[in-house]
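S.K.: So I've got this file, coords_21.txt, and it contains compact mmCIF, C-alpha atoms:
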```txt
# COMPACT_ATOMS: atom_id res chain seq x y z
CA MET A 1 3.66 22.52 20.84
CA PRO A 2 2.05 21.27 24.07
CA ASN A 3 -0.91 19.92 22.06
CA ALA A 4 1.42 17.94 19.83
CA ALA A 5 3.11 16.44 22.87
CA ARG A 6 -0.27 15.39 24.37
CA SER A 7 -1.30 13.80 21.05
CA SER A 8 1.96 11.85 20.88
CA LEU A 9 1.52 10.61 24.47
CA ALA A 10 -2.09 9.52 23.83
CA LEU A 11 -1.01 7.63 20.70
CA SER A 12 1.67 5.81 22.68
CA VAL A 13 -0.84 4.74 25.35
CA VAL A 14 -3.29 3.43 22.76
CA THR A 15 -0.52 1.52 21.00
CA ALA A 16 0.61 -0.07 24.26
CA LEU A 17 -2.90 -1.11 25.16
CA GLY A 18 -3.42 -2.58 21.71
CA LEU A 19 -0.23 -4.62 21.98
CA ALA A 20 -1.22 -5.88 25.43
CA ALA A 21 -4.65 -6.92 24.19
CA ALA A 22 -3.12 -8.66 21.20
CA GLY A 23 -0.69 -10.50 23.43
CA SER A 24 -3.41 -11.72 25.79
CA ALA A 25 -5.61 -12.90 22.86
CA GLN A 26 -2.84 -14.47 20.82
CA ALA A 27 -3.70 -17.35 18.52
CA HIS A 28 -2.77 -20.90 19.46
CA LEU A 29 -2.24 -23.94 17.31
CA VAL A 30 -4.68 -26.69 18.29
CA GLU A 31 -4.34 -30.25 16.99
CA ASP A 32 -7.21 -32.69 17.52
CA PHE A 33 -6.27 -36.39 17.70
CA GLY A 34 -9.81 -37.60 18.39
CA VAL A 35 -11.36 -39.39 21.36
CA ARG A 36 -8.70 -41.18 23.43
CA ARG A 37 -11.09 -42.62 26.03
CA GLY A 38 -14.83 -42.96 25.42
CA ALA A 39 -17.55 -44.86 23.54
CA PRO A 40 -19.82 -44.40 20.52
CA ALA A 41 -23.11 -42.61 21.20
CA HIS A 42 -26.23 -42.04 19.11
CA ILE A 43 -27.23 -38.35 19.11
CA SER A 44 -29.68 -36.13 17.30
CA LEU A 45 -29.26 -32.40 16.58
CA SER A 46 -31.76 -29.74 15.60
CA THR A 47 -29.53 -28.97 12.61
CA GLY A 48 -30.56 -32.29 11.06
CA PHE A 49 -27.71 -34.60 12.11
CA ASN A 50 -28.77 -38.00 13.44
CA GLY A 51 -26.15 -40.67 13.92
CA PHE A 52 -23.29 -42.12 15.95
CA VAL A 53 -20.35 -40.07 17.16
CA GLY A 54 -17.39 -40.67 19.42
CA ALA A 55 -18.10 -39.32 22.92
CA GLY A 56 -15.46 -39.01 25.62
CA ILE A 57 -12.12 -37.40 26.49
CA LYS A 58 -10.46 -35.84 23.48
CA LYS A 59 -6.71 -35.82 23.07
CA ILE A 60 -5.55 -32.42 21.83
CA GLN A 61 -2.31 -30.49 21.70
CA VAL A 62 -2.12 -26.75 22.20
CA ASP A 63 1.13 -25.35 20.79
CA GLY A 64 2.61 -28.82 21.16
CA VAL A 65 1.42 -29.32 24.78
CA GLN A 66 -0.89 -32.31 25.24
CA MET A 67 -4.15 -31.74 27.11
CA ASP A 68 -7.36 -33.60 27.94
CA ALA A 69 -10.41 -31.81 26.57
CA PHE A 70 -14.14 -32.19 26.12
CA CYS A 71 -16.06 -30.82 23.18
CA ILE A 72 -18.49 -27.98 23.99
CA ASP A 73 -19.66 -27.51 20.38
CA PRO A 74 -21.42 -30.59 18.99
CA PHE A 75 -22.84 -28.50 16.12
CA THR A 76 -19.44 -27.90 14.48
CA MET A 77 -17.09 -30.32 12.74
CA ALA A 78 -13.68 -30.88 14.34
CA LEU A 79 -10.56 -29.79 12.45
CA ARG A 80 -7.48 -31.93 12.46
CA SER A 81 -5.28 -28.87 12.99
CA SER A 82 -5.89 -25.13 13.17
CA PRO A 83 -3.68 -22.19 14.29
CA GLY A 84 -6.57 -19.79 14.99
CA TYR A 85 -7.64 -20.80 18.55
CA LYS A 86 -7.83 -18.51 21.58
CA PHE A 87 -8.26 -19.07 25.30
CA VAL A 88 -11.47 -17.41 26.51
CA PRO A 89 -13.73 -17.73 29.57
CA LEU A 90 -16.40 -20.41 29.37
CA THR A 91 -19.06 -17.74 29.14
CA LYS A 92 -17.60 -16.64 25.76
CA ALA A 93 -17.80 -20.00 24.00
CA PRO A 94 -19.06 -21.58 21.83
CA GLU A 95 -20.40 -19.26 19.14
CA ALA A 96 -23.96 -17.93 19.35
CA PRO A 97 -26.67 -19.07 19.70
CA PHE A 98 -25.13 -21.72 21.95
CA THR A 99 -22.83 -19.49 24.00
CA LEU A 100 -22.80 -20.68 27.62
CA SER A 101 -24.54 -18.70 30.30
CA ALA A 102 -22.99 -18.21 33.73
CA SER A 103 -25.11 -20.99 35.26
CA GLU A 104 -24.31 -23.39 32.43
CA ALA A 105 -20.60 -22.67 32.79
CA THR A 106 -20.93 -23.42 36.51
CA GLU A 107 -22.64 -26.73 35.78
CA ILE A 108 -19.86 -27.84 33.43
CA SER A 109 -17.25 -26.82 35.99
CA ASP A 110 -19.06 -28.85 38.67
CA LEU A 111 -19.44 -31.89 36.42
CA TRP A 112 -15.71 -31.83 35.73
CA ALA A 113 -14.94 -31.53 39.45
CA MET A 114 -17.24 -34.42 40.35
CA PHE A 115 -16.56 -36.96 37.62
CA TYR A 116 -13.44 -36.24 35.59
CA ASN A 117 -10.39 -38.39 36.08
CA PRO A 118 -7.57 -38.89 33.53
CA GLY A 119 -7.92 -42.66 33.91
CA MET A 120 -11.71 -42.81 34.07
CA LYS A 121 -13.48 -45.71 32.39
CA GLU A 122 -14.63 -45.41 28.76
CA ASN A 123 -18.35 -45.49 29.55
CA LYS A 124 -18.01 -42.86 32.29
CA ALA A 125 -16.00 -40.61 29.97
CA ALA A 126 -18.72 -40.96 27.32
CA GLY A 127 -21.40 -40.14 29.90
CA LEU A 128 -19.55 -36.97 30.99
CA GLN A 129 -19.25 -35.80 27.37
CA LEU A 130 -22.95 -36.40 26.73
CA ALA A 131 -23.87 -34.54 29.93
CA ILE A 132 -21.81 -31.54 28.77
CA TRP A 133 -23.52 -31.62 25.36
CA GLU A 134 -26.92 -31.75 27.09
CA ILE A 135 -26.05 -28.50 28.91
CA VAL A 136 -24.74 -26.79 25.77
CA GLY A 137 -27.44 -27.94 23.32
CA GLY A 138 -30.51 -27.89 25.55
CA ASP A 139 -33.59 -28.72 23.50
CA ASP A 140 -31.50 -28.72 20.30
CA PHE A 141 -29.60 -31.81 21.43
CA SER A 142 -30.84 -35.27 22.41
CA VAL A 143 -29.38 -38.68 23.11
CA ILE A 144 -30.99 -41.67 21.46
CA GLY A 145 -30.62 -44.87 23.41
CA LYS A 146 -27.82 -45.41 25.90
CA ASP A 147 -26.57 -42.24 27.65
CA TYR A 148 -23.80 -43.91 29.72
CA GLY A 149 -25.05 -42.36 32.96
CA ALA A 150 -25.27 -38.77 31.67
CA SER A 151 -28.72 -38.27 33.20
CA ILE A 152 -27.43 -39.44 36.60
CA MET A 153 -24.52 -36.99 36.40
CA LEU A 154 -26.86 -34.13 35.57
CA ALA A 155 -29.13 -35.05 38.49
CA ALA A 156 -26.12 -34.98 40.83
CA LEU A 157 -25.71 -31.26 40.10
CA ARG A 158 -28.78 -30.49 42.20
CA THR A 159 -27.10 -31.59 45.42
CA TYR A 160 -23.45 -30.77 44.71
CA SER A 161 -22.07 -27.92 46.84
CA GLY A 162 -18.32 -28.39 46.45
CA PRO A 163 -15.86 -26.26 44.49
CA GLY A 164 -15.89 -26.30 40.72
CA ALA A 165 -12.90 -27.10 38.54
CA GLY A 166 -10.77 -24.28 37.15
CA LEU A 167 -11.65 -24.46 33.46
CA ILE A 168 -11.12 -22.36 30.37
CA ALA A 169 -12.44 -22.59 26.80
CA LEU A 170 -10.59 -22.86 23.51
CA THR A 171 -12.53 -21.25 20.69
CA GLY A 172 -11.52 -21.19 17.04
CA PRO A 173 -12.41 -22.18 13.48
CA GLY A 174 -13.39 -25.76 14.37
CA GLN A 175 -15.03 -27.28 17.45
CA ASP A 176 -14.68 -25.42 20.72
CA TYR A 177 -13.18 -27.23 23.72
CA VAL A 178 -13.11 -26.98 27.47
CA VAL A 179 -9.81 -27.74 29.23
CA LYS A 180 -8.25 -27.20 32.63
CA THR A 181 -6.77 -23.73 32.84
CA PRO A 182 -3.07 -24.09 31.92
CA PRO A 183 -0.36 -22.10 33.74
CA GLY A 184 -0.11 -18.54 32.49
CA GLN A 185 -3.72 -18.39 31.26
CA GLY A 186 -5.37 -17.51 34.59
CA ASP A 187 -5.78 -13.85 33.59
CA GLU A 188 -7.83 -14.84 30.54
CA SER A 189 -10.27 -17.03 32.43
CA THR A 190 -12.78 -15.41 34.72
CA PRO A 191 -13.97 -17.02 37.94
CA THR A 192 -17.09 -19.00 37.22
CA PRO A 193 -20.05 -17.59 39.13
CA ARG A 194 -21.90 -19.98 41.38
CA PRO A 195 -25.55 -18.86 41.43
CA ARG A 196 -26.66 -21.81 43.56
CA SER A 197 -24.70 -20.76 46.62
CA THR A 198 -26.91 -18.47 48.66
CA PRO A 199 -25.33 -16.78 51.69
CA THR A 200 -26.99 -17.78 54.89
CA PRO A 201 -28.32 -14.74 56.78
CA THR A 202 -26.76 -14.22 60.16
CA PRO A 203 -29.41 -14.65 62.85
CA HIS A 204 -29.92 -11.67 65.11
CA SER A 205 -28.98 -12.29 68.67
CA SER A 206 -31.96 -11.93 70.98
CA ALA A 207 -31.95 -11.84 74.73
CA THR A 208 -32.86 -15.19 76.18
CA PRO A 209 -35.56 -14.78 78.85
CA THR A 210 -34.42 -15.88 82.25
CA PRO A 211 -36.67 -18.64 83.52
CA PRO A 212 -38.37 -17.90 86.87
CA ALA A 213 -36.61 -19.33 89.85
CA HIS A 214 -38.40 -22.32 91.24
CA SER A 215 -38.21 -23.06 94.95
CA THR A 216 -36.35 -26.26 95.43
CA PRO A 217 -37.68 -28.28 98.38
CA THR A 218 -35.07 -28.99 100.99
CA PRO A 219 -34.67 -32.72 101.32
CA THR A 220 -35.64 -34.09 104.74
CA PRO A 221 -32.60 -35.65 106.34
CA THR A 222 -33.05 -39.30 107.04
CA SER A 223 -32.17 -40.67 110.45
CA THR A 224 -29.05 -42.73 110.44
CA PRO A 225 -29.60 -46.03 112.26
CA GLY A 226 -27.31 -46.68 115.18
CA PRO A 227 -25.07 -49.68 115.42
CA THR A 228 -26.99 -52.94 115.70
CA ARG A 229 -26.17 -55.18 118.68
CA PRO A 230 -24.63 -58.39 117.38
CA PRO A 231 -26.71 -61.52 117.95
CA GLY A 232 -25.96 -63.55 121.08
CA PRO A 233 -27.15 -64.19 124.61
CA THR A 234 -28.36 -61.19 126.47
CA PRO A 235 -25.79 -60.42 129.16
CA THR A 236 -27.07 -60.84 132.77
CA PRO A 237 -26.53 -57.71 134.78
CA PRO A 238 -24.20 -58.19 137.77
CA PRO A 239 -25.89 -58.76 141.17
CA GLY A 240 -26.44 -55.67 143.19
CA PRO A 241 -28.17 -54.63 146.41
CA THR A 242 -31.83 -55.64 146.59
CA PRO A 243 -34.04 -52.57 146.58
CA PRO A 244 -36.08 -52.03 149.69
CA PRO A 245 -39.66 -53.45 149.63
CA HIS A 246 -42.45 -51.11 148.91
CA LYS A 247 -45.16 -50.36 151.54
CA VAL A 248 -43.19 -51.69 154.53
CA PRO A 249 -45.48 -51.50 157.66
CA ASP A 250 -44.43 -49.08 160.29
CA GLY A 251 -43.46 -49.99 163.94
CA GLY A 252 -47.06 -50.17 165.32
CA SER A 253 -48.09 -52.79 162.77
CA THR A 254 -45.05 -54.96 163.62
CA PHE A 255 -46.00 -55.23 167.35
CA SER A 256 -49.51 -56.43 166.50
CA LEU A 257 -48.18 -59.14 164.27
CA PHE A 258 -45.76 -60.30 166.97
CA ALA A 259 -48.57 -60.68 169.55
CA PHE A 260 -50.69 -62.55 167.09
CA ALA A 261 -47.88 -65.02 166.41
CA ILE A 262 -47.48 -65.83 170.19
CA MET A 263 -51.19 -66.51 170.59
CA ALA A 264 -51.12 -68.79 167.52
CA LEU A 265 -48.28 -70.87 169.00
CA LEU A 266 -50.13 -71.28 172.33
CA ALA A 267 -53.22 -72.46 170.53
CA ILE A 268 -51.28 -75.01 168.54
CA ASN A 269 -49.69 -76.40 171.68
CA LYS A 270 -53.09 -76.69 173.40
CA ILE A 271 -54.60 -78.52 170.48
CA GLY A 272 -51.67 -80.87 170.42
CA TYR A 273 -52.22 -81.69 174.06
CA LEU A 274 -55.97 -82.32 173.70
CA VAL A 275 -55.63 -84.70 170.78
CA PRO A 276 -53.81 -87.48 172.66
CA ALA A 277 -56.28 -87.20 175.54
CA PHE A 278 -59.20 -87.47 173.18
CA THR A 279 -57.60 -90.52 171.63
CA ARG A 280 -57.27 -92.26 174.96
CA VAL A 281 -60.90 -91.66 175.81
CA GLN A 282 -61.97 -93.26 172.56
CA THR A 283 -59.82 -96.28 173.24
CA ARG A 284 -61.33 -96.92 176.63
CA ARG A 285 -64.78 -96.89 175.22
```
Would you put the structure from the file into structure tokens?

M.R.:
Amino acid sequence: MPNAARSSLALSVVTALGLAAAGSAQAHLVEDFGVRRGAPAHISLSTGFNGFVGAGIKKIQVDGVQMDAFCIDPFTMALRSSPGYKFVPLTKAPEAPFTLSASEATEISDLWAMFYNPGMKENKAAGLQLAIWEIVGGDDFSVIGKDYGASIMLAALRTYSGPGAGLIALTGPGQDYVVKTPPGQGDESTPTPRPRSTPTPTPHSSATPTPPAHSTPTPTPTSTPGPTRPPGPTPTPPPGPTPPPHKVPDGGSTFSLFAFAIMALLAINKIGYLVPAFTRVQTRR
């Protein structure tokens, strides 16, 4: 009896899981109305096709909801309408041998993020479609003649470091498509790996050597000049007492000078007396 109960429980779990898987991978009706914005392009495929095709944004409806899409399967004919499509990650479309790798899915996501716009010009839309086909087809796909800037878009991938667009694939009986992930389908699309982003190693902190202290010379203070005398006449100092003469003779020297002066006066008087007498003598002669 216990074994029967365990078997019944296991069967119920398997049934529930099967229903959940079926619900997540339910089929969708996809209608393809052709290229709504683009230009004719001359392409060549390894399968033998060589000719002109419409390249650009495709107008499709998924269960009646209109979406912009790009073809990711140039090797398969488009169907006007098919109910057998499923939403899958980009790395699960298209069918082998052209199933996208993780790096190729990243490149398509980056191209969409860089260049897609609902109102983009026809030539730019054609160039974006051709760039996507170049990624998918590789050496099995080539553009003959005008590529509408597809080569420039592919070259821009080498320097792009921004976020990619959130995309999901639609795979089914006809061509496979890439569209923006619609609401409610996030669990079926896996985050696109970004192999180009390499984490930058954190540098180890090392002790910074302290530079030796250098003796700083003390600046020599400069003398501050005093106030400058304004120009003008030099003031004359007020009169004061005359300083005493240097080397004044003592009392003994003064008496000798006084005697000498008296003798000089007597001599002068005597000479003055003799001169008139001498004059008279000359007159008489």

S.K.: Env of Gln66 in chain A: 12 Å cut, atoms = all atoms listed in the file, seq-sep filter 2 positions within chain, self excluded. Answer as a list of chain:residue names.

M.R.: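 After dropping sequence-adjacent residues, the list is A:Leu29, A:Val30, A:Glu31, A:Asp32, A:Phe33, A:Arg36, A:Lys58, A:Lys59, A:Ile60, A:Gln61, A:Val62, A:Asp63, A:Gly64, A:Asp68, A:Ala69, A:Val179, A:Lys180, A:Pro182.
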
S.K.: If we count only C-alpha atoms, what is near Gly149 in chain A at a cut-off of 8 Å, once residues fewer than 5 positions away on the same chain are taken out, given as a ChimeraX atom specification?

M.R.: /A:124,127-128

S.K.: Could you tell me which of A:Phe98, A:Tyr177, A:Phe87, A:Tyr148 comes closest to Ile57 in chain A if we count only C-alpha atoms?

M.R.: A:Tyr177

S.K.: To one decimal place, how far is CA of Val178 in chain A from CA of Leu90 in chain A in Å?

M.R.: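 Those two atoms sit 7.6 Å apart.
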
S.K.: Taking all atoms listed in the file into account, which of A:Ala27, A:Tyr160, A:Ala105, A:Glu122 comes nearest Pro89 in chain A?

M.R.: A:Ala105

S.K.: May I ask for the distance between CA of Ala156 in chain A and CA of Asn50 in chain A, given in Å to one decimal place?

M.R.: 27.7 Å

S.K.: Could I get range 94-106 of chain A from the block written as a short mmCIF file (atom, residue, chain, number, x, y, z; two decimals), in the first residue's frame, with all heavy atoms?

M.R.:
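Saved result, part-v9.cif, follows:
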```cif
data_model
loop_
_atom_site.label_atom_id
_atom_site.label_comp_id
_atom_site.auth_asym_id
_atom_site.auth_seq_id
_atom_site.Cartn_x
_atom_site.Cartn_y
_atom_site.Cartn_z
N PRO A 94 19.15 29.95 -35.08
CA PRO A 94 18.22 29.10 -35.82
C PRO A 94 18.64 27.63 -35.75
O PRO A 94 19.47 27.29 -34.91
CB PRO A 94 18.32 29.66 -37.24
CG PRO A 94 19.73 30.17 -37.32
CD PRO A 94 20.06 30.71 -35.96
N GLU A 95 18.12 26.82 -36.65
CA GLU A 95 18.46 25.40 -36.62
C GLU A 95 19.92 25.19 -37.02
O GLU A 95 20.53 26.01 -37.72
CB GLU A 95 17.54 24.61 -37.57
CG GLU A 95 16.07 24.60 -37.15
CD GLU A 95 15.21 23.78 -38.09
OE1 GLU A 95 15.76 23.28 -39.11
OE2 GLU A 95 14.01 23.65 -37.82
N ALA A 96 20.47 24.07 -36.55
CA ALA A 96 21.85 23.71 -36.90
C ALA A 96 21.97 23.56 -38.43
O ALA A 96 21.00 23.17 -39.09
CB ALA A 96 22.23 22.41 -36.19
N PRO A 97 23.10 23.88 -39.01
CA PRO A 97 24.39 24.18 -38.36
C PRO A 97 24.62 25.67 -38.09
O PRO A 97 25.75 26.06 -37.83
CB PRO A 97 25.39 23.67 -39.38
CG PRO A 97 24.73 23.96 -40.70
CD PRO A 97 23.27 23.76 -40.49
N PHE A 98 23.59 26.47 -38.14
CA PHE A 98 23.77 27.92 -38.00
C PHE A 98 23.26 28.44 -36.65
O PHE A 98 23.04 29.64 -36.49
CB PHE A 98 23.04 28.64 -39.14
CG PHE A 98 23.55 28.25 -40.50
CD1 PHE A 98 22.79 27.41 -41.32
CD2 PHE A 98 24.78 28.68 -40.94
CE1 PHE A 98 23.24 27.04 -42.57
CE2 PHE A 98 25.25 28.30 -42.20
CZ PHE A 98 24.49 27.48 -43.02
N THR A 99 23.11 27.56 -35.68
CA THR A 99 22.67 27.98 -34.35
C THR A 99 23.70 28.96 -33.76
O THR A 99 24.92 28.73 -33.85
CB THR A 99 22.51 26.77 -33.43
OG1 THR A 99 21.61 25.84 -34.05
CG2 THR A 99 21.95 27.18 -32.08
N LEU A 100 23.20 30.03 -33.16
CA LEU A 100 24.07 31.09 -32.66
C LEU A 100 24.85 30.63 -31.44
O LEU A 100 24.31 29.95 -30.55
CB LEU A 100 23.25 32.33 -32.30
CG LEU A 100 22.54 33.04 -33.46
CD1 LEU A 100 21.60 34.11 -32.92
CD2 LEU A 100 23.57 33.65 -34.40
N SER A 101 26.10 31.02 -31.39
CA SER A 101 26.90 30.81 -30.18
C SER A 101 26.62 31.95 -29.20
O SER A 101 25.93 32.94 -29.52
CB SER A 101 28.39 30.78 -30.54
OG SER A 101 28.80 32.04 -31.04
N ALA A 102 27.16 31.82 -28.00
CA ALA A 102 26.95 32.87 -27.00
C ALA A 102 27.53 34.20 -27.46
O ALA A 102 26.91 35.27 -27.29
CB ALA A 102 27.57 32.45 -25.67
N SER A 103 28.72 34.19 -28.05
CA SER A 103 29.33 35.44 -28.51
C SER A 103 28.56 36.04 -29.68
O SER A 103 28.42 37.27 -29.77
CB SER A 103 30.80 35.20 -28.89
OG SER A 103 30.88 34.26 -29.96
N GLU A 104 28.07 35.22 -30.57
CA GLU A 104 27.28 35.73 -31.69
C GLU A 104 25.96 36.33 -31.21
O GLU A 104 25.51 37.36 -31.72
CB GLU A 104 27.02 34.61 -32.70
CG GLU A 104 28.26 34.16 -33.45
CD GLU A 104 28.06 32.87 -34.23
OE1 GLU A 104 27.08 32.14 -33.94
OE2 GLU A 104 28.87 32.59 -35.14
N ALA A 105 25.33 35.67 -30.22
CA ALA A 105 24.10 36.24 -29.65
C ALA A 105 24.37 37.59 -29.00
O ALA A 105 23.57 38.52 -29.09
CB ALA A 105 23.52 35.26 -28.63
N THR A 106 25.52 37.72 -28.35
CA THR A 106 25.90 39.00 -27.74
C THR A 106 26.09 40.07 -28.80
O THR A 106 25.67 41.22 -28.62
CB THR A 106 27.19 38.82 -26.93
OG1 THR A 106 26.96 37.88 -25.89
CG2 THR A 106 27.63 40.14 -26.32
#
```
